[in-house]
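Below you'll find the structure, written out as structure tokens, and then a few comments.
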Amino acid sequence: MFYGGDYNPEQWGPEVWAEDVRLMREARVNLVTVGVFAWSALEPSDGTFDFGWLDAVMDLLAGNDIAVSLATPNASPPPWLAEAHPESLMVGRDGTRVGVGSRGHFCPSAPAYRDRSLRFARTLAGRYASHPALALWHVGNEYHAECFCDLCDERFRQWLRDRYGTLDELNDRWGTLMWGQRYSDWSQVHLPRPVRGRVNPARELDFSRFNSDVQLDLYKAERDALREATPDLPITTNLMQYFRLNDYRKWAPELDVIAYDSYPDPAQPAALADAALQYDLMRTLGGGAPWLLMEQAAGAVSQWPLNLVKPPGRMRLGSYQAVARGSDAVMFFQWRASRYGQEKFHSAMLPHSGRSSRTWKEVSALGAELAALDRISGARTEARVAIVWDWPNWWAVEGCYHPRHDFSYKDTVTAQYRALWRRNVPVDVVSLDDDLSGYRALIIPNQYAITDAQRAAVRAFAEGGGHVLISFFSGIVDENDRVHPDGYPGGLRDVIGGHVRDFSPMPDGATVEVDGFGTGSCWQDDLVAETAKPLAAYPDGRPAILDHALGAGSVVYLGTRLDEAGFDRVLGTVLDRAAAGPAHPAPDGVEAAVRQTATHRYLFLLNHTDSPVTVRLDRAGHDLLTGRDHRAGDPLPLDAAGVAVLEQDLS
Amino acid sequence: MFYGGDYNPEQWGPEVWAEDVRLMREARVNLVTVGVFAWSALEPSDGTFDFGWLDAVMDLLAGNDIAVSLATPNASPPPWLAEAHPESLMVGRDGTRVGVGSRGHFCPSAPAYRDRSLRFARTLAGRYASHPALALWHVGNEYHAECFCDLCDERFRQWLRDRYGTLDELNDRWGTLMWGQRYSDWSQVHLPRPVRGRVNPARELDFSRFNSDVQLDLYKAERDALREATPDLPITTNLMQYFRLNDYRKWAPELDVIAYDSYPDPAQPAALADAALQYDLMRTLGGGAPWLLMEQAAGAVSQWPLNLVKPPGRMRLGSYQAVARGSDAVMFFQWRASRYGQEKFHSAMLPHSGRSSRTWKEVSALGAELAALDRISGARTEARVAIVWDWPNWWAVEGCYHPRHDFSYKDTVTAQYRALWRRNVPVDVVSLDDDLSGYRALIIPNQYAITDAQRAAVRAFAEGGGHVLISFFSGIVDENDRVHPDGYPGGLRDVIGGHVRDFSPMPDGATVEVDGFGTGSCWQDDLVAETAKPLAAYPDGRPAILDHALGAGSVVYLGTRLDEAGFDRVLGTVLDRAAAGPAHPAPDGVEAAVRQTATHRYLFLLNHTDSPVTVRLDRAGHDLLTGRDHRAGDPLPLDAAGVAVLEQDLS
Amino acid sequence: MFYGGDYNPEQWGPEVWAEDVRLMREARVNLVTVGVFAWSALEPSDGTFDFGWLDAVMDLLAGNDIAVSLATPNASPPPWLAEAHPESLMVGRDGTRVGVGSRGHFCPSAPAYRDRSLRFARTLAGRYASHPALALWHVGNEYHAECFCDLCDERFRQWLRDRYGTLDELNDRWGTLMWGQRYSDWSQVHLPRPVRGRVNPARELDFSRFNSDVQLDLYKAERDALREATPDLPITTNLMQYFRLNDYRKWAPELDVIAYDSYPDPAQPAALADAALQYDLMRTLGGGAPWLLMEQAAGAVSQWPLNLVKPPGRMRLGSYQAVARGSDAVMFFQWRASRYGQEKFHSAMLPHSGRSSRTWKEVSALGAELAALDRISGARTEARVAIVWDWPNWWAVEGCYHPRHDFSYKDTVTAQYRALWRRNVPVDVVSLDDDLSGYRALIIPNQYAITDAQRAAVRAFAEGGGHVLISFFSGIVDENDRVHPDGYPGGLRDVIGGHVRDFSPMPDGATVEVDGFGTGSCWQDDLVAETAKPLAAYPDGRPAILDHALGAGSVVYLGTRLDEAGFDRVLGTVLDRAAAGPAHPAPDGVEAAVRQTATHRYLFLLNHTDSPVTVRLDRAGHDLLTGRDHRAGDPLPLDAAGVAVLEQDLS
């Protein structure tokens, strides 16, 4: 079980380093991420390197049994590069070329940047390949950018030629005959720079694909360079919550281990449910393998309009939530709080107020606790339920000029996920391109864009005995935002056993009764049942929910957005059919999750409420945190923000 | 009576065309607008034309007795033009040159654009001048743009030289001595590009005039080219609601028939009153001649933040509203819903869900109904009341750094118009430059900018026996936003019989009692009666409304914004003096409007409420929709959203 | 006592000038500001001057005993300069170069601008140096700008080299190792132009310092040129309320007399308390010497979203407020309302509606009154209390990525000042670099950034017998936004007698009880008392306020934002210790302030309420406005908005 954080020794001197290492040991830190922003400190001018201080730090860490996740510092190229190569700076959609002074200011296509960041990665790898501290490569930092410069423009054209072959195909895919934009030469095709009014959504959609690929390509180039030097060392980069620009499903196979930065907002009550969704996503992206919580905050962050401190015990609770859902690490940004800069008020393991702070007490206590949980490393989670989270669909549905422009894909998925989370049902977070054969229930919140293969997969899933819950405005367009022929919802018609004559957003605040399932809002399908049966109707008799027996399984189609209780009821119907129950029974507000090995099951009970609660155990277990044994049926008490980790024998 | 919509066959193939024409006949479509966005499909590269598919479509339509409104496709020049001539692209006020990917992206001054769009118009006209389908020319689409490029800059200088002759005159008109901006050479005069803080309002005002002229000039150039080829065919372009940039009063004389696109928002309760205002404006712009409802939506549109579907019966009701107020056409954007692009969720006569949809049922039923109303074509409406809607005043009052910066001219005029609409009083929508001799009452909502001639016209109108209702902040400045001398309201002092010592906006939410007329808000004049008598006073005794007998007529001046009932009361006073009553008595929420020919009067009764109502007829009539005869005094029942069109004998 | 306003005769002709002077005499005007925006009227082309009209105006004014504050018109360079030298135009942060058409559009570094504005100042000074009307030089107008052009960029680098000497020092001060921005050559250092995300706060902070210096340098260059021509004439420029960009503490020593433009908003109830703060600041900036109210509005202004008129009597009341707090002038923008331009609806002494207006009556009556107050000129005010208002701290705290991004330094200081104002306690507005020896109490609202010298000054102040009230988030960083070592609040720990373990913003709307001091909101320190005693605690027992006896004085530290009554109570504690009482007892809403000479005390009583009130006098006095004598203990009646100015014998 890794414990530690980002460590930026270049901001401090040798005396502080010595104190750092002493305190790291006190807090049981065993892994630190070094070098993320050290490029300008390591290569002060073009081709001149100064690794002296890093050598010292690496040796010091190795000497204290602290492993290093060594970063390639490409997220912040040095000022000398910008000065000598202005074309290496990112250009915003509005044409503004940004300057130095923050981070992430590079163009992903500029040779000046690419060559030098690769050279740096190779130099770094060459120098530390055999260093005893080196345990993991951390490539760049939180890739997430768009550039609209001429170099990227040229690359976009090439990417499109590779994808579509002919200009006729491009014109067809993008529907350029709408508003008269048919291209007659490849030179006319450009990035979606500013237009008058609204841009062609298919072009924007392909730009999103392209952009994710461009960023991934940066990662892969460095990954390959590092691998050459250290063929056996794992390589990763840190992913982020709700980072819309990157299709992480295309990224995940390129990472040896999934690493994730988690920043749930203490000011948002739903933040921990959303964090759970992301953890389940990370676990699914890694094929079920354990992942690494690479960053979190010990207290407050500094990037939001209002940056609340985590109340006592909540940092610990959130850390166990990550472990419960598959993480084999608890890491922080950062080890020691910076004295200056944009993030000086971002909390740290070792805050400005030092060892006297509450933060340090909680951080060092957690380190000690986690050291006893090594046996959990590698344990995995089985889920019978999957929910769909799909980047191209996200881009498509929010870029399509939706009937309700403020429609949020993220809010839609998270609302449905929260219903699963409240039920403590183990769930994977998939796309319809994934192998679905292991699941019994499939929740499809809003699959506006759907390919033919995906439609076939949904049908096959149900026919094979799976149970599907699919919500409105799904199955409308293909992968290029072109409406599927033959009415709504395109080829899903046979899957849902009915069709939608018309749809309409509902005015803000308007609701409609759904017989037996509370009220609907946001949207209303004008729905016609064909081979399906109505499961619930509106007061005017038109169906609100369809229920379609299909092969050995079923498909429930939901034509409106139900209130929380109503959605829970329809979800319950589907889960019951799939026999998908909770990881463990628990009172409201208590999260229960399991990981297991060949021999043991680890049950995590996390009390998110502000009051003590009691959980009655379904079987005997040994609490790894208290060291106490509990019998089956025993009432296990949990303090407010309390945690139990029960080891249960599988034999 | 024309029925049909925009038709974009280039988005489909011959098989679909065949189905289109079959279904057009089923829906009784007799006119379609073709080619609006077809430039890139018809001229795939510079000077290379491909009219094959259009020939086929034109022949197919002609063969099925469907007439064509043929469009010059200048609204969306092809990508090849932008690529070869970047200077043909529009530049925004902030200096950003837009790209291809939406529409309307051209610079109106670039020779590369102007030459090629004219060449295209001539080529099109040459090819189809004698085609049997051709019934109408549709020039461009919804002209409405601003360009700030250097070519337009040069043209602005020339426009100003033409207008003002000398630089001294320009300096005087623009008041450049304020904040020290006196020009000493023409080269120093520019478009109102970004300044620090607030720009000279007189310069901005002249830019608005210039810009409207520049757009109109584009229209006229193509119009002239088309006229050369087909001297007898009518030519138009489609106007829009509340399009602030174009002074349609200067445009209207250049159109052979007024064409108008109407998009009342189903989410806005007042949208239909506002639609009525626009219809009355269109009728007035055409000198009382019938106009063409060139576009409307069959259901939802897609450009708003929330795009509601029109409820059952409401599309029909809205269509009859346009006909009642002078339209001889009911047309839609568009015939067949697009599969792709920015407007794929804009409704169509033939939606994605095809013939099974409610939309198609309503569209095809309306087509059948309208086919029976041909006898109404050409019938006109007489109005004794006029309300002023004036573009230069709009520009001036909202650009003058108004004491209340959020002041909305549109909201002011529409609020007063709605009071007329609720009374079902026939009304024309005029400017003070129009011939006012036919009217008995004149409503002037807020004529901040007024020329000497306009002031004389108002005085002459009243002296000649007319009755005027004029509201606060009128008569303040001349046509160059220069305050009229001698206090407020400039030379209107003798017209209103008093003066304003000072004026002030009222704080948000504040109200002041107006004796006998409810409450005032928004604004309060410090008003002094001279030859007028106070009609109502504030609690402190100062007059709120003046009433001035002037020659054979009267002028009522209103120094605040009254609430709805209060305004209705003062309006009633003026209308009573003018003997201006409703078209027909009707219950609340029922719109009554008349058109008449030499022999017949057509009374339209439109029930905008959600309940059935009964209207007692003032004279006998024959309902053209039901075919039933009704006697005078008969109670005529109207369903919710119901319509009656009564033909009444004028003899 | 000066009375008058800005006078722009170039907007009018000789006939109007004659009327102007006649009416000025009627209103007892004795000083007018001429020429502020007259550059383009006086130098119509490069090097060609036309002083004819100004000669005539100056002579006319001199002949009527009206003195002139003559302005150098550099705030609005003529269009010919922009046309010939585009580099003389200001560039915004986003890179947009602004154009002519407003004002203040110049680059402060462009030689073309600097040379010509200096040449103009010299020419003006040479021509009018001995003119009998000339009484004061008014340099430019309301300096307040930022320019991001290449010329300013070059200058910023030079300014930084001068300030820091070496690049290593700059890197250290700016903390460039955070996010990897270490500079290796001076050429890499630039203005804080757009970056991706958030810019380095230390760089932004130094930019603010640089920018204020750049603007001040403009002033000083002209000041020096004028002084050469008229060594004995006072020179000033007009300062503004809450002008964030200029550190007026560095400006004040360069002005011979402080001049200030005051625009309290009639729509803001707190505006007059804020005006009082500014007046006290202006007096303090001038070292206690009388200052000049250089501009105010007679009625409404025009730059706000809602521009209310001042109610009857309120312009007079506000004028006396300025005099009460040290002004020896009551001046307006402007004398005669403009007919055109951006400010035509800004009120004037002589409005569009002329002598019949209420404004004119009030203006001319005030002129007559003030003429009797000449004996007050030069009288000064003694304050035992000082409150801190500090520009670098303002820049730092709002630019530091504050835990609550919407934190407003201005709101924090003004809220605390208002408590002093409600108590009618005479107060100076200082920085911690000022000589504090004359004060007994020191209010430090929020001194986030504090230098070592400032920390020492606070400690010395308390040890010497002063009493300090210091609020949360003080003493956190140094002058380069680097967190002071050793926990919060850096070196203030020994001053407050405790430390802050952690701090956190509170959610919007959240409050916490503070025992005996009402409720706290906005912020909560996790505070630990060391040598201090807790003065009040939160319900959980942690201290909310510390009270620290220090030498002969005391320091109260406030760890949250108290409600109004709570803050007043803690303030009262500190003021009582300092024996700092009101200028004169007065009922709520009545402002009392004093000025005094060697022989007399002038007590101003200003009734800000809407009702008559009575004030019982503490000693005998002669009311200069009514001419009546009042005995000590007499009840002095004040009308709503009423004013009394009592001359009291000091012997």
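Labeling convention for the structure tokens: chains A, B, ... as they appear, residues from 1 per chain, ligands from 1 in order of appearance.
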Next on the checklist: Using only C-alpha atoms and a distance of at most 8 Å, pull out the residues of chain C that contact chain B, as a count of residues only.
Outcome noted: 50
Checklist entry - Leaving out Thr597 in chain C and any residue of its chain fewer than 4 positions from it, which residues lie within 8 Å of it when counting only C-alpha atoms, given as a list in words? => result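 These residues fall inside the cut-off: Ile376, Gly378, Ala379, Arg380 and Arg601 of chain C.
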Checklist entry - Do you know which residues are at most 7 Å from range 220-227 of chain C counting only C-alpha atoms, after dropping those on the same chain fewer than 4 positions away, and could you put them as a PyMOL selection string? => result chain C and resi 118+121-122+125+216+231+235
Same residues, C-alpha atoms, output as a tab-separated table (two decimals), in the first residue's frame:
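Full text of out.tsv as output:
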```tsv
chain	number	residue	atom	x	y	z
C	118	LEU	CA	5.27	67.17	-22.77
C	121	ALA	CA	2.45	71.08	-21.47
C	122	ARG	CA	5.50	73.28	-22.06
C	125	ALA	CA	2.86	76.76	-19.55
C	216	LEU	CA	3.08	58.41	-11.83
C	231	PRO	CA	8.03	77.69	-9.92
C	235	ILE	CA	0.40	71.60	-9.26
```
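Across the model, the gap from CA of Lys250 in chain A to CA of Leu292 in chain A is 18.5 Å.
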Next on the checklist: I'd like the contact shell of range 136-142 of chain B - 7 Å cut-off, only C-alpha atoms, skipping same-chain residues fewer than 6 positions apart - returned as a list in words.
Outcome noted: Val36, Val68, Ser69, Leu70, Ala71, Thr72, Pro73, Asn74, Ala75, Tyr219, Leu233, Pro234, Ile235, Thr236, Thr237, Asn238, Leu239 and Met240 of chain B
Checklist entry - Contacts of Ala322 in chain A at 9 Å or less, counting only C-alpha atoms, minus same-chain residues fewer than 2 places along, as a count of residues only? => result 17
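Near range 205-212 of chain A, within 7 Å and counting only C-alpha atoms, sit Glu146, Phe156, Trp159, Leu191, Pro201, Leu216, Leu245, Asn246, Asp247, Trp395 and Ala396 of chain A, not including residues fewer than 4 positions from it in the same chain.
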